[in-house]
>>> print(open('entry08.txt').read())   # compact mmCIF, C-alpha atoms
# COMPACT_ATOMS: atom_id res chain seq x y z
CA MET A 22 110.15 162.56 102.91
CA ASN A 23 113.01 160.06 103.23
CA GLU A 24 116.55 160.61 104.47
CA GLN A 25 117.99 161.22 101.01
CA GLU A 26 115.40 163.92 100.30
CA LEU A 27 116.09 165.59 103.66
CA LYS A 28 119.84 165.46 103.00
CA ALA A 29 119.37 167.08 99.61
CA LEU A 30 117.29 169.81 101.26
CA MET A 31 119.95 170.37 103.94
CA ASP A 32 122.69 170.57 101.30
CA GLY A 33 120.70 173.23 99.48
CA ILE A 34 120.35 175.23 102.69
CA ALA A 35 124.06 174.79 103.46
CA GLN A 36 124.92 176.51 100.19
CA LYS A 37 123.29 179.68 101.52
CA ASN A 38 124.16 179.37 105.21
CA SER A 39 127.22 178.53 107.28
CA ASP A 40 128.06 175.03 108.53
CA ALA A 41 127.15 176.13 112.05
CA ILE A 42 123.69 177.12 110.92
CA LYS A 43 123.39 173.81 109.09
CA GLU A 44 124.23 171.82 112.23
CA ALA A 45 121.82 173.84 114.33
CA VAL A 46 119.05 173.33 111.79
CA LYS A 47 119.77 169.60 111.78
CA LEU A 48 119.47 169.35 115.56
CA GLN A 49 116.26 171.36 115.64
CA MET A 50 114.78 169.25 112.85
CA ALA A 51 115.58 166.01 114.72
CA ALA A 52 114.03 167.40 117.89
CA MET A 53 110.79 168.32 116.12
CA ALA A 54 110.62 165.00 114.25
CA ALA A 55 110.98 163.22 117.61
CA GLY A 56 108.13 165.28 119.05
CA LEU A 57 110.34 167.26 121.46
CA LEU A 58 109.45 170.60 119.86
CA THR A 59 106.17 172.04 118.72
CA VAL A 60 105.86 173.63 115.29
CA GLU A 61 105.80 177.08 116.83
CA GLN A 62 108.90 176.40 118.94
CA TYR A 63 110.65 175.02 115.84
CA LYS A 64 109.81 178.15 113.83
CA SER A 65 110.97 180.41 116.67
CA ASP A 66 114.32 178.61 116.97
CA LEU A 67 114.90 178.75 113.22
CA GLU A 68 114.15 182.49 113.19
CA ALA A 69 116.67 182.95 116.03
CA ILE A 70 119.29 181.15 113.93
CA GLY A 71 118.64 183.69 111.18
CA LEU A 72 116.92 181.66 108.48
CA LYS A 73 114.64 183.42 106.04
CA PRO A 74 110.82 182.87 106.29
CA GLY A 75 110.68 180.94 102.98
CA THR A 76 113.39 178.53 104.13
CA ILE A 77 111.70 178.06 107.50
CA LYS A 78 108.38 177.15 105.80
CA THR A 79 110.10 174.60 103.55
CA LEU A 80 111.77 172.90 106.52
CA VAL A 81 108.61 172.88 108.65
CA ASP A 82 106.55 171.37 105.83
CA ALA A 83 109.18 168.66 105.21
CA VAL A 84 109.44 167.65 108.88
CA GLU A 85 105.65 167.61 109.32
CA LYS A 86 105.31 165.34 106.25
CA GLN A 87 107.96 162.98 107.60
CA GLY A 88 106.23 162.82 110.95
CA ILE A 89 102.90 161.93 109.34
CA GLU A 90 104.49 159.14 107.33
CA MET A 91 106.18 157.70 110.40
CA ARG A 92 102.95 157.78 112.39
CA LYS A 93 101.15 155.93 109.59
CA PHE A 94 103.88 153.30 109.48
CA ASN A 95 103.80 152.71 113.21
CA GLU A 96 100.02 152.89 113.58
CA GLY A 97 98.70 149.74 115.17
CA ARG A 98 102.20 148.34 115.82
CA THR A 99 103.28 147.36 119.29
CA PRO A 100 106.86 147.67 120.46
CA THR A 101 108.95 144.59 119.70
CA LYS A 102 109.73 142.63 122.83
CA SER A 103 112.86 140.59 123.28
CA LEU A 104 112.71 136.89 124.09
CA ASN A 105 113.78 137.66 127.65
CA GLU A 106 110.94 140.16 128.02
CA LEU A 107 108.42 137.65 126.67
CA VAL A 108 109.60 134.91 129.04
CA ALA A 109 109.52 137.31 131.99
CA GLU A 110 106.02 138.40 131.03
CA LYS A 111 104.82 134.78 130.88
CA SER A 112 106.90 133.51 133.79
CA ASP A 113 103.95 132.83 136.10
CA ALA A 114 102.04 130.93 133.40
CA ILE A 115 105.17 128.96 132.52
CA LYS A 116 105.60 127.87 136.14
CA GLN A 117 101.99 126.66 136.19
CA ILE A 118 102.68 124.18 133.35
CA GLY A 119 104.62 122.03 135.78
CA LYS A 120 101.58 122.00 138.04
CA GLY A 121 99.20 120.87 135.31
CA GLY A 122 98.34 124.32 134.07
CA PRO A 123 97.26 125.12 130.50
CA ASN A 124 99.57 125.43 127.53
CA VAL A 125 101.38 128.71 127.01
CA LYS A 126 101.77 130.36 123.63
CA MET A 127 104.23 133.14 122.88
CA THR A 128 104.70 135.03 119.65
CA VAL A 129 108.32 135.93 119.01
CA ASP A 130 109.04 138.56 116.40
CA LYS A 131 110.53 136.87 113.36
CA THR A 132 113.41 139.36 113.27
CA LEU A 133 114.59 137.92 116.59
CA VAL A 134 114.83 134.40 115.20
CA GLN A 135 117.76 133.58 112.96
CA ARG A 136 117.04 131.04 110.20
CA SER A 137 119.55 128.69 108.62
CA ALA A 138 120.39 129.74 105.10
CA VAL A 139 119.66 127.55 102.08
CA SER A 140 122.62 127.69 99.72
CA GLY A 141 123.67 130.89 101.45
CA SER A 142 120.30 132.64 101.09
CA THR A 143 116.78 132.41 102.45
CA MET A 144 115.42 133.84 99.20
CA ALA A 145 113.71 131.32 96.95
CA MET A 146 111.04 130.84 94.31
CA ARG A 147 108.27 128.49 95.40
CA LEU A 148 107.37 126.01 92.66
CA PRO A 149 103.60 125.39 92.44
CA ASP A 150 103.77 121.58 92.13
CA VAL A 151 105.19 118.53 93.89
CA GLY A 152 107.38 115.87 92.29
CA GLU A 153 105.61 112.52 92.18
CA ILE A 154 107.01 109.01 91.99
CA PRO A 155 105.89 107.25 88.75
CA TYR A 156 102.62 105.35 89.01
CA LEU A 157 100.40 103.20 86.82
CA GLY A 158 97.71 104.73 84.70
CA ALA A 159 94.04 104.14 85.57
CA VAL A 160 92.42 102.96 82.33
CA ILE A 161 90.05 100.14 83.27
CA SER A 162 87.31 102.09 85.06
CA PRO A 163 86.24 104.08 81.95
CA LEU A 164 85.69 100.81 80.04
CA PHE A 165 82.64 99.95 82.16
CA ARG A 166 79.29 101.64 82.52
CA HIS A 167 78.75 103.64 85.72
CA ALA A 168 75.50 103.86 87.67
CA PRO A 169 74.64 105.60 90.95
CA VAL A 170 73.40 103.74 94.02
CA SER A 171 70.73 105.19 96.29
CA PRO A 172 71.90 106.13 99.82
CA SER A 173 68.92 104.12 101.12
CA SER A 174 70.25 100.90 99.54
CA ASN A 175 71.86 99.80 102.82
CA GLY A 176 75.10 99.32 100.90
CA VAL A 177 73.77 96.25 99.07
CA ILE A 178 72.66 95.58 95.50
CA ARG A 179 70.01 92.89 94.98
CA TYR A 180 69.41 91.48 91.50
CA TYR A 181 67.93 88.45 89.73
CA ASP A 182 69.74 86.14 87.34
CA GLN A 183 68.22 83.46 85.20
CA LEU A 184 69.29 80.14 86.69
CA ALA A 185 68.00 77.90 83.90
CA VAL A 186 66.09 78.47 80.66
CA THR A 187 64.24 75.94 78.52
CA ARG A 188 63.13 77.58 75.28
CA GLY A 189 60.16 75.65 73.90
CA ALA A 190 59.12 77.83 70.95
CA ASN A 191 58.26 75.65 67.90
CA TRP A 192 56.00 75.44 64.90
CA VAL A 193 52.63 73.83 65.70
CA ALA A 194 49.74 72.45 63.72
CA GLU A 195 46.28 73.89 64.05
CA ALA A 196 44.50 72.80 67.25
CA ALA A 197 47.70 71.08 68.49
CA ALA A 198 49.05 71.57 71.99
CA LYS A 199 51.23 74.63 72.30
CA PRO A 200 54.85 74.32 73.45
CA GLU A 201 55.92 75.83 76.74
CA SER A 202 59.17 77.42 77.89
CA ALA A 203 60.50 77.15 81.42
CA ILE A 204 62.61 79.72 83.27
CA THR A 205 63.89 79.70 86.82
CA TRP A 206 65.49 82.68 88.58
CA ILE A 207 67.84 83.19 91.45
CA GLU A 208 68.23 86.30 93.61
CA ARG A 209 71.78 87.43 94.26
CA LEU A 210 73.39 90.04 96.51
CA LEU A 211 76.39 92.27 95.82
CA PRO A 212 77.85 94.32 98.70
CA ILE A 213 79.09 97.85 98.07
CA GLU A 214 82.68 97.91 99.28
CA LYS A 215 84.77 100.80 100.58
CA VAL A 216 88.25 101.83 99.48
CA ALA A 217 90.13 104.38 101.59
CA ASP A 218 93.50 106.02 102.10
CA SER A 219 94.93 108.65 104.42
CA ILE A 220 98.00 110.82 104.75
CA PRO A 221 99.40 112.67 107.79
CA VAL A 222 100.18 116.37 107.33
CA THR A 223 101.99 118.72 109.71
CA LYS A 224 100.33 121.88 110.88
CA GLU A 225 103.22 123.88 109.47
CA ALA A 226 102.73 122.34 106.03
CA TRP A 227 99.02 123.09 106.13
CA SER A 228 99.64 126.73 107.02
CA ASP A 229 101.66 126.98 103.80
CA ILE A 230 99.44 124.64 101.80
CA TYR A 231 97.95 126.91 99.18
CA PHE A 232 100.59 125.74 96.74
CA ILE A 233 100.33 122.09 97.81
CA GLN A 234 96.64 121.67 98.62
CA SER A 235 95.68 120.53 95.14
CA GLU A 236 98.66 118.17 95.09
CA ILE A 237 97.56 116.45 98.30
CA LYS A 238 94.03 116.11 96.97
CA ARG A 239 95.35 114.71 93.71
CA LEU A 240 97.65 112.34 95.58
CA LEU A 241 94.73 110.85 97.47
CA GLU A 242 92.55 110.66 94.41
CA ILE A 243 95.33 108.98 92.44
CA ASN A 244 95.90 106.49 95.25
CA LEU A 245 92.23 105.58 95.31
CA ALA A 246 91.90 105.50 91.53
CA LEU A 247 94.89 103.19 91.12
CA LYS A 248 93.66 100.79 93.80
CA ILE A 249 90.19 100.78 92.25
CA ASP A 250 91.65 100.11 88.79
CA ASP A 251 93.78 97.28 90.15
CA SER A 252 90.77 95.66 91.85
CA LEU A 253 88.53 96.17 88.82
CA TYR A 254 90.96 93.93 87.01
CA ASP A 255 91.75 91.11 89.44
CA GLY A 256 90.05 91.81 92.79
CA ASP A 257 89.19 88.49 94.48
CA GLY A 258 85.68 89.52 95.55
CA VAL A 259 86.24 88.52 99.18
CA THR A 260 84.89 91.33 101.39
CA PRO A 261 86.08 94.04 101.64
CA ASN A 262 87.55 93.54 98.15
CA ILE A 263 85.53 93.97 94.98
CA LYS A 264 85.50 91.24 92.32
CA GLY A 265 87.46 92.06 89.18
CA VAL A 266 86.89 91.17 85.56
CA TYR A 267 89.83 88.74 85.41
CA THR A 268 88.42 86.88 88.42
CA SER A 269 84.93 86.73 86.92
CA ALA A 270 85.95 85.72 83.41
CA PRO A 271 86.03 82.00 82.50
CA ALA A 272 89.39 80.73 81.24
CA PHE A 273 89.78 80.38 77.48
CA VAL A 274 90.06 76.71 76.48
CA THR A 275 92.01 76.11 73.29
CA THR A 276 90.85 72.55 72.65
CA ALA A 277 88.28 73.39 69.97
CA TYR A 278 90.79 75.59 68.09
CA ALA A 279 93.96 73.51 68.41
CA ASP A 280 96.19 73.26 65.32
CA THR A 281 94.01 75.62 63.30
CA VAL A 282 96.11 78.78 62.84
CA GLU A 283 99.22 79.09 60.70
CA ALA A 284 102.02 81.26 62.19
CA ALA A 285 99.76 82.21 65.08
CA ASN A 286 100.39 85.55 66.78
CA ILE A 287 98.57 87.59 69.45
CA TYR A 288 96.29 89.16 66.84
CA ASP A 289 95.11 85.71 65.88
CA LEU A 290 94.64 84.74 69.51
CA ILE A 291 92.46 87.79 70.19
CA MET A 292 90.25 86.97 67.19
CA VAL A 293 89.91 83.32 68.22
CA VAL A 294 89.00 84.27 71.81
CA ALA A 295 86.43 86.78 70.53
CA ALA A 296 84.89 84.11 68.31
CA ASP A 297 84.72 81.74 71.28
CA ILE A 298 82.79 84.38 73.25
CA SER A 299 80.29 85.06 70.48
CA ASN A 300 79.85 81.44 69.33
CA ASN A 301 76.49 79.88 70.29
CA ARG A 302 75.48 83.04 72.18
CA GLN A 303 72.92 84.06 69.52
CA GLY A 304 74.68 87.42 69.03
CA LYS A 305 74.19 88.67 72.60
CA TYR A 306 77.88 89.34 73.15
CA VAL A 307 80.03 91.38 70.79
CA PRO A 308 83.55 91.59 72.25
CA ASP A 309 84.84 95.14 72.07
CA THR A 310 88.02 95.29 74.20
CA ALA A 311 91.19 93.32 74.88
CA LEU A 312 93.31 94.13 77.95
CA VAL A 313 96.99 93.35 77.47
CA ASN A 314 100.24 94.14 79.24
CA PRO A 315 102.48 96.75 77.52
CA ILE A 316 105.20 94.13 77.09
CA ASN A 317 102.88 91.89 75.10
CA ALA A 318 101.57 94.95 73.24
CA LEU A 319 105.16 95.76 72.28
CA GLY A 320 105.46 92.31 70.75
CA MET A 321 102.35 93.07 68.71
CA LYS A 322 103.77 96.39 67.50
CA LEU A 323 107.03 94.75 66.45
CA THR A 324 105.44 91.77 64.68
CA LYS A 325 106.88 91.73 61.16
CA GLY A 326 106.25 89.78 58.00
CA THR A 327 108.86 87.78 56.07
CA ASN A 328 110.00 90.91 54.22
CA GLY A 329 110.51 92.89 57.42
CA TYR A 330 107.41 95.08 57.22
CA VAL A 331 105.29 95.70 60.31
CA VAL A 332 102.21 93.52 60.36
CA PRO A 333 99.03 95.61 60.66
CA PRO A 334 96.72 96.53 62.33
CA TYR A 335 98.98 98.20 64.94
CA THR A 336 99.45 101.75 63.66
CA ASN A 337 100.77 104.75 65.62
CA GLY A 338 100.49 102.88 68.92
CA TYR A 339 96.81 102.00 68.54
CA ALA A 340 95.23 98.77 67.42
CA ASN A 341 91.75 97.70 66.47
CA VAL A 342 91.49 94.02 65.62
CA GLY A 343 88.20 93.15 63.98
CA GLY A 344 86.46 95.92 65.92
CA ILE A 345 88.19 94.98 69.20
CA LYS A 346 90.14 97.82 70.84
CA ILE A 347 93.44 96.83 72.43
CA VAL A 348 94.00 98.58 75.77
CA GLU A 349 97.48 98.49 77.29
CA THR A 350 97.75 98.49 81.08
CA SER A 351 100.34 97.31 83.57
CA GLN A 352 97.49 96.04 85.75
CA VAL A 353 97.51 93.02 83.44
CA THR A 354 100.15 90.41 84.26
CA VAL A 355 102.67 89.80 81.49
CA ASN A 356 101.73 86.87 79.22
CA THR A 357 98.04 87.05 80.17
CA MET A 358 95.09 88.98 78.79
CA VAL A 359 91.34 89.48 78.97
CA VAL A 360 88.97 89.82 76.01
CA GLY A 361 85.33 90.71 76.46
CA ASP A 362 82.18 92.68 75.85
CA PHE A 363 82.62 95.35 78.52
CA ARG A 364 79.02 96.52 78.16
CA TYR A 365 78.14 93.66 80.49
CA GLY A 366 80.02 95.07 83.44
CA THR A 367 78.65 97.97 85.51
CA ILE A 368 80.36 99.95 88.25
CA TYR A 369 77.87 101.02 90.92
CA ASP A 370 78.98 104.13 92.81
CA LEU A 371 77.43 104.82 96.20
CA GLU A 372 79.32 108.08 96.64
CA ASP A 373 82.02 110.25 95.13
CA VAL A 374 85.42 110.55 96.75
CA THR A 375 84.97 112.15 100.18
CA ILE A 376 87.81 113.89 101.99
CA GLU A 377 87.85 114.55 105.73
CA MET A 378 90.43 116.06 108.08
CA GLY A 379 90.99 115.54 111.78
CA TRP A 380 93.23 114.35 114.62
CA ILE A 381 93.93 110.71 115.47
CA ASN A 382 95.98 109.12 118.24
CA ASP A 383 98.68 111.49 119.57
CA GLN A 384 98.71 113.84 116.58
CA PHE A 385 97.72 116.83 118.71
CA ILE A 386 101.04 116.80 120.59
CA LYS A 387 102.92 116.08 117.36
CA ASN A 388 101.35 119.09 115.67
CA THR A 389 99.98 116.97 112.82
CA PHE A 390 96.58 115.87 111.55
CA THR A 391 95.28 113.37 109.01
CA ILE A 392 93.56 113.81 105.66
CA LEU A 393 91.30 110.86 104.87
CA ALA A 394 89.81 109.98 101.47
CA GLU A 395 87.33 107.20 100.78
CA GLN A 396 84.89 105.93 98.16
CA ARG A 397 82.24 103.19 98.05
CA LEU A 398 81.56 101.17 94.91
CA ALA A 399 81.18 97.69 93.39
CA LEU A 400 81.67 96.07 89.99
CA LEU A 401 78.75 93.93 88.90
CA ILE A 402 79.25 91.33 86.20
CA ARG A 403 76.17 89.19 86.50
CA THR A 404 76.85 85.50 86.91
CA GLY A 405 74.82 84.86 83.77
CA ASP A 406 77.00 87.34 81.83
CA GLU A 407 80.43 86.19 82.96
CA THR A 408 80.66 84.35 79.64
CA ALA A 409 80.84 87.78 77.95
CA PHE A 410 84.53 87.68 78.97
CA ARG A 411 87.46 85.29 78.58
CA LYS A 412 90.86 85.32 80.24
CA VAL A 413 93.98 83.83 78.71
CA THR A 414 96.17 82.63 81.56
CA ASN A 415 99.21 81.90 79.38
CA ILE A 416 99.54 83.56 75.99
CA THR A 417 102.61 81.56 74.99
CA THR A 418 100.90 78.24 75.67
CA ALA A 419 97.70 79.33 73.92
CA LEU A 420 99.63 80.37 70.78
CA ALA A 421 101.45 77.04 70.75
CA ASP A 422 98.11 75.23 70.94
CA LEU A 423 96.65 77.26 68.04
CA GLU A 424 99.72 76.81 65.82
CA THR A 425 99.36 74.31 62.99
CA PRO A 426 101.86 71.42 63.07
>>> encode(input="entry08.txt", output="structure tokens")
Amino acid sequence: MNEQELKALMDGIAQKNSDAIKEAVKLQMAAMAAGLLTVEQYKSDLEAIGLKPGTIKTLVDAVEKQGIEMRKFNEGRTPTKSLNELVAEKSDAIKQIGKGGPNVKMTVDKTLVQRSAVSGSTMAMRLPDVGEIPYLGAVISPLFRHAPVSPSSNGVIRYYDQLAVTRGANWVAEAAAKPESAITWIERLLPIEKVADSIPVTKEAWSDIYFIQSEIKRLLEINLALKIDDSLYDGDGVTPNIKGVYTSAPAFVTTAYADTVEAANIYDLIMVVAADISNNRQGKYVPDTALVNPINALGMKLTKGTNGYVVPPYTNGYANVGGIKIVETSQVTVNTMVVGDFRYGTIYDLEDVTIEMGWINDQFIKNTFTILAEQRLALLIRTGDETAFRKVTNITTALADLETP
């Protein structure tokens, strides 16, 4: 029974009894609630005041109920100690710190610590996400095939490439000597490289991290994914970097196609590069993707005919030129592009993204620790299949070369 309910009960009694009786009842009730009177003593005192048995029972029941509720509330609670009391209690241990003793930890009741207000109030709604600075999209990795690598591989991929092929198949007369082909091979090695990133986190942040935990994980995974995507495009292949498709691809040479295209645009250039890849390859390569920078893609979307209409095939932000999908990515440098048959590149994954947590350097005394994420992989474009790709190092120059006089 709360104070308002007790007050209402007292007011009801006061209507039937004098103010003096009311005050006496109030004092006796407080004494019993505080444990200074037993139930029997309380009843006896109320009878002496002159209250009726029914009224006495109502009051006794109300005070007993209040006492039970208070005992439940305080069960298991220890008296709140002031900061002075805590320091006095730990004084000996505190003195020992100066003599090389162990750390001392004290728990101060939060009601004794005054917080600074935020906009005049400590009340707030916690948003479940974290604002992120804009970043590039990771679009190159899905273009390649993915294959797992055995943990027993020693972090190395070994493979054979044909070094030279002489194809001797021919029609022969009966009983004539049969032709012979000649093939030589070369064994190559590809190391599995590691990409990693880490972020320091305070202990306080981690204790309140349920709303941020997924954001930290996503931050690390985004960081890794963006670095991987960047290296898949133009990594130099010098350990510990992987070798990207732009680095592996031979440069497109315009000589054979000079002065052959009227009003040449990027669509034409993509088709010419694709033809150069497929030509004399006996159909092995079928280019399926062109990587372009969004700025150059914008030029394609805005290409118009003499009457002002938009030149197809760019429709609703997507283009397919002769079966070649155009993929926009800021990983590609403006005024360059790569066209190729991406079936001939394979990403070998030794492990998924692994996340570990621990202390480094002096983080213990700074109350922080580090979250580390890492992944091991490699992009394999066989030396013999590098011709499945072409890079255009200068789109403007290439278009000028293709343009008819």
>>> atom_distance(input="entry08.txt", atom1="CA of Val81 (chain A)", atom2="CA of Leu67 (chain A)")
9.7 Å
>>> atom_distance(input="entry08.txt", atom1="CA of Glu283 (chain A)", atom2="CA of Leu423 (chain A)")
8.0 Å
>>> atom_distance(input="entry08.txt", atom1="CA of Val259 (chain A)", atom2="CA of Met358 (chain A)")
22.2 Å
>>> closest_residue(input="entry08.txt", among="A:Phe273, A:Tyr365, A:Tyr180, A:Trp192", to="Ile298 (chain A)", atoms="all atoms listed in the file")
A:Phe273
>>> closest_residue(input="entry08.txt", among="A:Phe363, A:Tyr278, A:Phe390, A:Phe385", to="Leu253 (chain A)", atoms="only C-alpha atoms")
A:Phe363
>>> residues_near_point(input="entry08.txt", point="(91.5, 87.6, 86.5)", cutoff="10 Å", atoms="all atoms listed in the file", output="MDAnalysis selection string")
chainID A and resid 252:257 264:272 353:354 357:359 411:414
>>> residues_around(input="entry08.txt", residues="Lys305 (chain A)", least_positions_apart="4", cutoff="10 Å", atoms="all atoms listed in the file", output="number ranges by chain")
A: 298-301, 362, 406, 409
>>> closest_residue(input="entry08.txt", among="A:Ala318, A:Ile386, A:Ile287, A:Ala295", to="Phe410 (chain A)", atoms="all atoms listed in the file")
A:Ala295
>>> residues_around(input="entry08.txt", residues="Asn356 (chain A)", least_positions_apart="4", cutoff="10 Å", atoms="all atoms listed in the file", output="count of residues only")
10
>>> residues_around(input="entry08.txt", residues="Asp251 (chain A)", least_positions_apart="5", cutoff="10 Å", atoms="only C-alpha atoms", output="JSON, numbers by chain")
{"A": [157, 159, 160, 161, 162, 245, 246, 256, 265, 350, 351, 352, 353]}
